Amino acid sequence: MKKSGTLFPFIAMALFLLSVTPAYAKPLASNYAQLKVGGFFPQTNDLDNFDAGGNIEIGIGHRVAPGFAIEGNFGYFETKGTFNLPGIASGEETFKVMPLTLSMKGQAFFDRFEPYAEAGIGVYFIKDEIKGTVLGISGSDSENDTKLGLHVGLGGNYSLTPQVFLGVEGRYLWLRTDTFGVDVKLDGFLLTANLGYRF
């Protein structure tokens, strides 16, 4: 797997610097919606030849008690890699994944800053696409799979106004698939920058 850079540390530093500005009170709105944009970074030997790919999610959450919220997200991420068996086969493989997740979040409020930890479960709709040549003959094929996965994460939000907030989030995902009869671990990090609105 190729090593890929990330803006995560820079965004986190920006949020820290912004935290010296005057504080807002703890937000009263119990609901929020947000857009998350970032990347998926594979972390398993099964994906050694795969690159980091894009990740986008939309989510909605509800604070059910002080310091505790439930959040649902729907999104898309992918990772692409190559394979080469000299004289036999070569090509490209892409895992395209659409997650539907539910997370439990523990939150704290410090002026404008809201750090949180989360854990959750999801249903992952996986499409495995292969394109290449076998013994000199070109072709392509795909196979779909649906699996349950688990995740944990850490993040933080910074309130620009009592309604609008920016955030960063890092999740670690545990996920497996067995497309084309091969068991593959799709474990990895999901890192995002987030824009949200409380209502």
# chains A, B, ... in the order shown; residues from 1 in each chain; ligands from 1

call {"tool": "residues_around", "arguments": {"residues": "Ile126 of chain A", "least_positions_apart": "4", "cutoff": "6 Å", "atoms": "only C-alpha atoms", "output": "VMD selection string"}}
result
chain A and resid 96 to 97 144 to 146

call {"tool": "closest_atom_pairs", "arguments": {"of": "segment 105-128 of chain A", "to": "segment 176-199 of chain A", "cutoff": "12 Å", "atoms": "only C-alpha atoms", "output": "JSON lines"}}
result
{"residue": "A:Val123", "atom": "CA", "partner": "A:Arg176", "partner_atom": "CA", "distance": 11.5}
{"residue": "A:Tyr124", "atom": "CA", "partner": "A:Thr177", "partner_atom": "CA", "distance": 9.6}
{"residue": "A:Phe125", "atom": "CA", "partner": "A:Thr177", "partner_atom": "CA", "distance": 9.9}
{"residue": "A:Ile126", "atom": "CA", "partner": "A:Thr177", "partner_atom": "CA", "distance": 7.8}
{"residue": "A:Lys127", "atom": "CA", "partner": "A:Thr179", "partner_atom": "CA", "distance": 8.4}
{"residue": "A:Asp128", "atom": "CA", "partner": "A:Thr179", "partner_atom": "CA", "distance": 6.7}

call {"tool": "residues_around", "arguments": {"residues": "Gly136 of chain A", "least_positions_apart": "6", "cutoff": "9 Å", "atoms": "only C-alpha atoms", "output": "PyMOL selection string"}}
result
chain A and resi 87-89

call {"tool": "write_last_selection", "arguments": {"atoms": "C-alpha atoms", "output": "CSV table (one decimal), in the first residue's frame"}}
result
chain,number,residue,atom,x,y,z
A,87,GLY,CA,2.8,-14.5,-18.0
A,88,ILE,CA,-0.6,-15.4,-16.5
A,89,ALA,CA,-2.7,-12.4,-15.4

call {"tool": "residues_around", "arguments": {"residues": "Ser103 of chain A", "least_positions_apart": "4", "cutoff": "9 Å", "atoms": "only C-alpha atoms", "output": "mmCIF file with C-alpha atoms, in the first residue's frame"}}
result
data_model
loop_
_atom_site.group_PDB
_atom_site.id
_atom_site.type_symbol
_atom_site.label_atom_id
_atom_site.label_comp_id
_atom_site.auth_asym_id
_atom_site.auth_seq_id
_atom_site.Cartn_x
_atom_site.Cartn_y
_atom_site.Cartn_z
ATOM 1 C CA ALA A 69 -25.626 11.189 21.221
ATOM 2 C CA ILE A 70 -26.654 8.688 18.557
ATOM 3 C CA GLU A 71 -25.575 9.276 14.959
ATOM 4 C CA GLY A 72 -26.443 7.596 11.663
ATOM 5 C CA ASN A 73 -24.391 7.929 8.480
ATOM 6 C CA GLU A 118 -17.593 6.879 19.394
ATOM 7 C CA ALA A 119 -18.225 3.211 18.705
ATOM 8 C CA GLY A 120 -20.652 1.645 16.304
ATOM 9 C CA ILE A 121 -21.768 -0.953 13.822
ATOM 10 C CA GLY A 122 -22.694 -0.796 10.167
ATOM 11 C CA HIS A 151 -15.784 0.867 14.075
ATOM 12 C CA VAL A 152 -14.404 3.078 16.822
#

call {"tool": "residues_around", "arguments": {"residues": "segment 166-169 of chain A", "least_positions_apart": "6", "cutoff": "10 Å", "atoms": "only C-alpha atoms", "output": "VMD selection string"}}
result
chain A and resid 7 to 9 11 to 12 15 34 to 38 113 to 117 153 to 160 190 to 197

call {"tool": "write_last_selection", "arguments": {"atoms": "N, CA and C atoms", "output": "mmCIF file, in the first residue's frame"}}
result
data_model
loop_
_atom_site.group_PDB
_atom_site.id
_atom_site.type_symbol
_atom_site.label_atom_id
_atom_site.label_comp_id
_atom_site.auth_asym_id
_atom_site.auth_seq_id
_atom_site.Cartn_x
_atom_site.Cartn_y
_atom_site.Cartn_z
ATOM 1 N N LEU A 7 -4.496 15.878 5.612
ATOM 2 C CA LEU A 7 -4.626 17.215 6.182
ATOM 3 C C LEU A 7 -5.097 17.177 7.621
ATOM 4 N N PHE A 8 -5.329 15.979 8.145
ATOM 5 C CA PHE A 8 -5.897 15.828 9.487
ATOM 6 C C PHE A 8 -5.138 16.627 10.548
ATOM 7 N N PRO A 9 -3.771 16.517 10.659
ATOM 8 C CA PRO A 9 -3.056 17.269 11.696
ATOM 9 C C PRO A 9 -3.193 18.772 11.525
ATOM 10 N N ILE A 11 -5.734 20.476 10.112
ATOM 11 C CA ILE A 11 -7.078 20.897 10.489
ATOM 12 C C ILE A 11 -7.216 20.910 12.003
ATOM 13 N N ALA A 12 -6.661 19.888 12.654
ATOM 14 C CA ALA A 12 -6.716 19.827 14.119
ATOM 15 C C ALA A 12 -6.009 21.028 14.740
ATOM 16 N N LEU A 15 -8.176 24.124 14.383
ATOM 17 C CA LEU A 15 -9.248 24.142 15.373
ATOM 18 C C LEU A 15 -8.730 24.548 16.748
ATOM 19 N N GLN A 34 -24.666 16.642 9.123
ATOM 20 C CA GLN A 34 -23.317 17.008 8.716
ATOM 21 C C GLN A 34 -22.894 16.284 7.441
ATOM 22 N N LEU A 35 -21.941 16.905 6.770
ATOM 23 C CA LEU A 35 -21.286 16.355 5.601
ATOM 24 C C LEU A 35 -19.838 16.062 5.972
ATOM 25 N N LYS A 36 -19.360 14.848 5.646
ATOM 26 C CA LYS A 36 -17.991 14.436 5.951
ATOM 27 C C LYS A 36 -17.274 14.104 4.651
ATOM 28 N N VAL A 37 -16.083 14.672 4.475
ATOM 29 C CA VAL A 37 -15.297 14.430 3.272
ATOM 30 C C VAL A 37 -13.869 14.112 3.675
ATOM 31 N N GLY A 38 -13.308 13.051 3.119
ATOM 32 C CA GLY A 38 -11.938 12.686 3.481
ATOM 33 C C GLY A 38 -11.440 11.504 2.691
ATOM 34 N N PHE A 113 -15.384 24.190 21.743
ATOM 35 C CA PHE A 113 -14.827 22.917 21.311
ATOM 36 C C PHE A 113 -15.595 21.749 21.919
ATOM 37 N N GLU A 114 -15.881 20.736 21.090
ATOM 38 C CA GLU A 114 -16.637 19.553 21.504
ATOM 39 C C GLU A 114 -15.883 18.284 21.087
ATOM 40 N N PRO A 115 -15.008 17.751 21.953
ATOM 41 C CA PRO A 115 -14.376 16.464 21.641
ATOM 42 C C PRO A 115 -15.346 15.319 21.899
ATOM 43 N N TYR A 116 -15.129 14.207 21.182
ATOM 44 C CA TYR A 116 -16.006 13.058 21.386
ATOM 45 C C TYR A 116 -15.279 11.763 21.038
ATOM 46 N N ALA A 117 -15.797 10.679 21.591
ATOM 47 C CA ALA A 117 -15.375 9.327 21.236
ATOM 48 C C ALA A 117 -16.617 8.569 20.803
ATOM 49 N N GLY A 153 -13.951 5.459 17.009
ATOM 50 C CA GLY A 153 -13.406 6.698 16.497
ATOM 51 C C GLY A 153 -13.240 7.772 17.552
ATOM 52 N N LEU A 154 -12.472 8.787 17.176
ATOM 53 C CA LEU A 154 -12.279 9.991 17.970
ATOM 54 C C LEU A 154 -12.458 11.186 17.052
ATOM 55 N N GLY A 155 -12.947 12.284 17.609
ATOM 56 C CA GLY A 155 -13.111 13.468 16.797
ATOM 57 C C GLY A 155 -13.340 14.694 17.647
ATOM 58 N N GLY A 156 -13.534 15.807 16.964
ATOM 59 C CA GLY A 156 -13.815 17.056 17.653
ATOM 60 C C GLY A 156 -14.524 18.024 16.727
ATOM 61 N N ASN A 157 -15.430 18.813 17.293
ATOM 62 C CA ASN A 157 -16.133 19.851 16.544
ATOM 63 C C ASN A 157 -15.825 21.214 17.140
ATOM 64 N N TYR A 158 -15.837 22.218 16.268
ATOM 65 C CA TYR A 158 -15.607 23.592 16.696
ATOM 66 C C TYR A 158 -16.764 24.444 16.199
ATOM 67 N N SER A 159 -17.443 25.136 17.115
ATOM 68 C CA SER A 159 -18.632 25.913 16.769
ATOM 69 C C SER A 159 -18.251 27.272 16.213
ATOM 70 N N LEU A 160 -18.598 27.506 14.947
ATOM 71 C CA LEU A 160 -18.439 28.837 14.362
ATOM 72 C C LEU A 160 -19.553 29.760 14.843
ATOM 73 N N LEU A 190 -10.626 5.749 8.397
ATOM 74 C CA LEU A 190 -11.439 6.729 7.692
ATOM 75 C C LEU A 190 -11.206 8.074 8.368
ATOM 76 N N LEU A 191 -10.589 9.003 7.652
ATOM 77 C CA LEU A 191 -10.282 10.323 8.193
ATOM 78 C C LEU A 191 -11.072 11.360 7.405
ATOM 79 N N THR A 192 -11.786 12.240 8.111
ATOM 80 C CA THR A 192 -12.642 13.206 7.428
ATOM 81 C C THR A 192 -12.560 14.590 8.066
ATOM 82 N N ALA A 193 -12.840 15.587 7.235
ATOM 83 C CA ALA A 193 -13.151 16.937 7.692
ATOM 84 C C ALA A 193 -14.662 17.113 7.552
ATOM 85 N N ASN A 194 -15.299 17.736 8.546
ATOM 86 C CA ASN A 194 -16.764 17.734 8.619
ATOM 87 C C ASN A 194 -17.327 19.148 8.700
ATOM 88 N N LEU A 195 -18.486 19.313 8.092
ATOM 89 C CA LEU A 195 -19.245 20.556 8.184
ATOM 90 C C LEU A 195 -20.649 20.208 8.652
ATOM 91 N N GLY A 196 -21.082 20.843 9.767
ATOM 92 C CA GLY A 196 -22.368 20.457 10.337
ATOM 93 C C GLY A 196 -23.243 21.634 10.695
ATOM 94 N N TYR A 197 -24.521 21.315 10.913
ATOM 95 C CA TYR A 197 -25.527 22.312 11.276
ATOM 96 C C TYR A 197 -26.436 21.721 12.347
#

call {"tool": "atom_distance", "arguments": {"atom1": "atom CA of Asn55 of chain A", "atom2": "atom CA of Arg112 of chain A"}}
result
26.6 Å

call {"tool": "select_by_dssp", "arguments": {"residues": "segment 3-162 of chain A", "states": "helix (DSSP H, G or I)", "output": "MDAnalysis selection string"}}
result
chainID A and resid 8:18 45:47

call {"tool": "decode", "arguments": {"residues": "segment 133-169 of chain A", "atoms": "N, CA and C atoms", "output": "CSV table (one decimal), in the first residue's frame"}}
result
chain,number,residue,atom,x,y,z
A,133,THR,N,-6.2,-8.7,-17.8
A,133,THR,CA,-6.0,-9.7,-18.9
A,133,THR,C,-5.5,-11.0,-18.2
A,134,VAL,N,-6.0,-12.1,-18.8
A,134,VAL,CA,-5.7,-13.5,-18.4
A,134,VAL,C,-5.2,-14.2,-19.6
A,135,LEU,N,-4.0,-14.6,-19.6
A,135,LEU,CA,-3.4,-15.3,-20.8
A,135,LEU,C,-3.6,-14.5,-22.1
A,136,GLY,N,-3.4,-13.2,-21.9
A,136,GLY,CA,-3.5,-12.3,-23.1
A,136,GLY,C,-4.9,-11.9,-23.5
A,137,ILE,N,-5.9,-12.4,-22.8
A,137,ILE,CA,-7.3,-12.1,-23.1
A,137,ILE,C,-7.9,-11.1,-22.1
A,138,SER,N,-8.3,-9.9,-22.6
A,138,SER,CA,-8.9,-8.9,-21.7
A,138,SER,C,-10.3,-9.1,-21.3
A,139,GLY,N,-10.6,-8.7,-20.1
A,139,GLY,CA,-12.0,-8.9,-19.6
A,139,GLY,C,-12.2,-8.1,-18.3
A,140,SER,N,-13.4,-8.2,-17.8
A,140,SER,CA,-13.7,-7.6,-16.5
A,140,SER,C,-14.9,-8.4,-15.9
A,141,ASP,N,-14.9,-8.3,-14.5
A,141,ASP,CA,-16.0,-8.9,-13.8
A,141,ASP,C,-16.2,-8.2,-12.5
A,142,SER,N,-17.3,-8.4,-11.9
A,142,SER,CA,-17.6,-7.8,-10.6
A,142,SER,C,-18.5,-8.7,-9.7
A,143,GLU,N,-18.4,-8.6,-8.4
A,143,GLU,CA,-19.2,-9.4,-7.5
A,143,GLU,C,-19.6,-8.5,-6.3
A,144,ASN,N,-20.8,-8.6,-5.9
A,144,ASN,CA,-21.3,-7.9,-4.8
A,144,ASN,C,-21.4,-8.7,-3.5
A,145,ASP,N,-21.3,-8.0,-2.3
A,145,ASP,CA,-21.3,-8.7,-1.0
A,145,ASP,C,-21.9,-7.7,0.0
A,146,THR,N,-22.5,-8.2,1.0
A,146,THR,CA,-23.0,-7.3,2.1
A,146,THR,C,-22.5,-7.9,3.4
A,147,LYS,N,-21.9,-7.1,4.2
A,147,LYS,CA,-21.3,-7.6,5.4
A,147,LYS,C,-21.5,-6.6,6.6
A,148,LEU,N,-21.5,-7.0,7.8
A,148,LEU,CA,-21.5,-6.2,9.0
A,148,LEU,C,-20.0,-5.8,9.3
A,149,GLY,N,-19.8,-4.6,9.8
A,149,GLY,CA,-18.5,-4.1,10.2
A,149,GLY,C,-18.6,-3.3,11.5
A,150,LEU,N,-17.5,-3.2,12.2
A,150,LEU,CA,-17.5,-2.5,13.5
A,150,LEU,C,-16.5,-1.3,13.3
A,151,HIS,N,-16.7,-0.3,14.1
A,151,HIS,CA,-15.8,0.9,14.1
A,151,HIS,C,-15.7,1.5,15.4
A,152,VAL,N,-14.6,2.2,15.7
A,152,VAL,CA,-14.4,3.1,16.8
A,152,VAL,C,-13.8,4.4,16.3
A,153,GLY,N,-14.0,5.5,17.0
A,153,GLY,CA,-13.4,6.7,16.5
A,153,GLY,C,-13.2,7.8,17.6
A,154,LEU,N,-12.5,8.8,17.2
A,154,LEU,CA,-12.3,10.0,18.0
A,154,LEU,C,-12.5,11.2,17.1
A,155,GLY,N,-12.9,12.3,17.6
A,155,GLY,CA,-13.1,13.5,16.8
A,155,GLY,C,-13.3,14.7,17.6
A,156,GLY,N,-13.5,15.8,17.0
A,156,GLY,CA,-13.8,17.1,17.7
A,156,GLY,C,-14.5,18.0,16.7
A,157,ASN,N,-15.4,18.8,17.3
A,157,ASN,CA,-16.1,19.9,16.5
A,157,ASN,C,-15.8,21.2,17.1
A,158,TYR,N,-15.8,22.2,16.3
A,158,TYR,CA,-15.6,23.6,16.7
A,158,TYR,C,-16.8,24.4,16.2
A,159,SER,N,-17.4,25.1,17.1
A,159,SER,CA,-18.6,25.9,16.8
A,159,SER,C,-18.3,27.3,16.2
A,160,LEU,N,-18.6,27.5,14.9
A,160,LEU,CA,-18.4,28.8,14.4
A,160,LEU,C,-19.6,29.8,14.8
A,161,THR,N,-20.8,29.2,14.9
A,161,THR,CA,-21.9,29.9,15.5
A,161,THR,C,-22.6,28.8,16.4
A,162,PRO,N,-23.7,29.2,17.1
A,162,PRO,CA,-24.4,28.1,17.9
A,162,PRO,C,-25.0,27.0,17.0
A,163,GLN,N,-25.2,27.3,15.7
A,163,GLN,CA,-25.7,26.3,14.8
A,163,GLN,C,-24.7,25.6,13.9
A,164,VAL,N,-23.7,26.4,13.4
A,164,VAL,CA,-22.8,25.9,12.4
A,164,VAL,C,-21.5,25.4,13.1
A,165,PHE,N,-21.0,24.3,12.7
A,165,PHE,CA,-19.7,23.8,13.3
A,165,PHE,C,-18.8,23.1,12.2
A,166,LEU,N,-17.5,23.1,12.5
A,166,LEU,CA,-16.6,22.4,11.7
A,166,LEU,C,-16.0,21.3,12.6
A,167,GLY,N,-15.5,20.2,11.9
A,167,GLY,CA,-15.0,19.1,12.7
A,167,GLY,C,-14.0,18.3,12.0
A,168,VAL,N,-13.3,17.5,12.7
A,168,VAL,CA,-12.4,16.4,12.2
A,168,VAL,C,-12.7,15.1,12.9
A,169,GLU,N,-12.5,14.0,12.2
A,169,GLU,CA,-12.9,12.7,12.8
A,169,GLU,C,-12.0,11.6,12.2
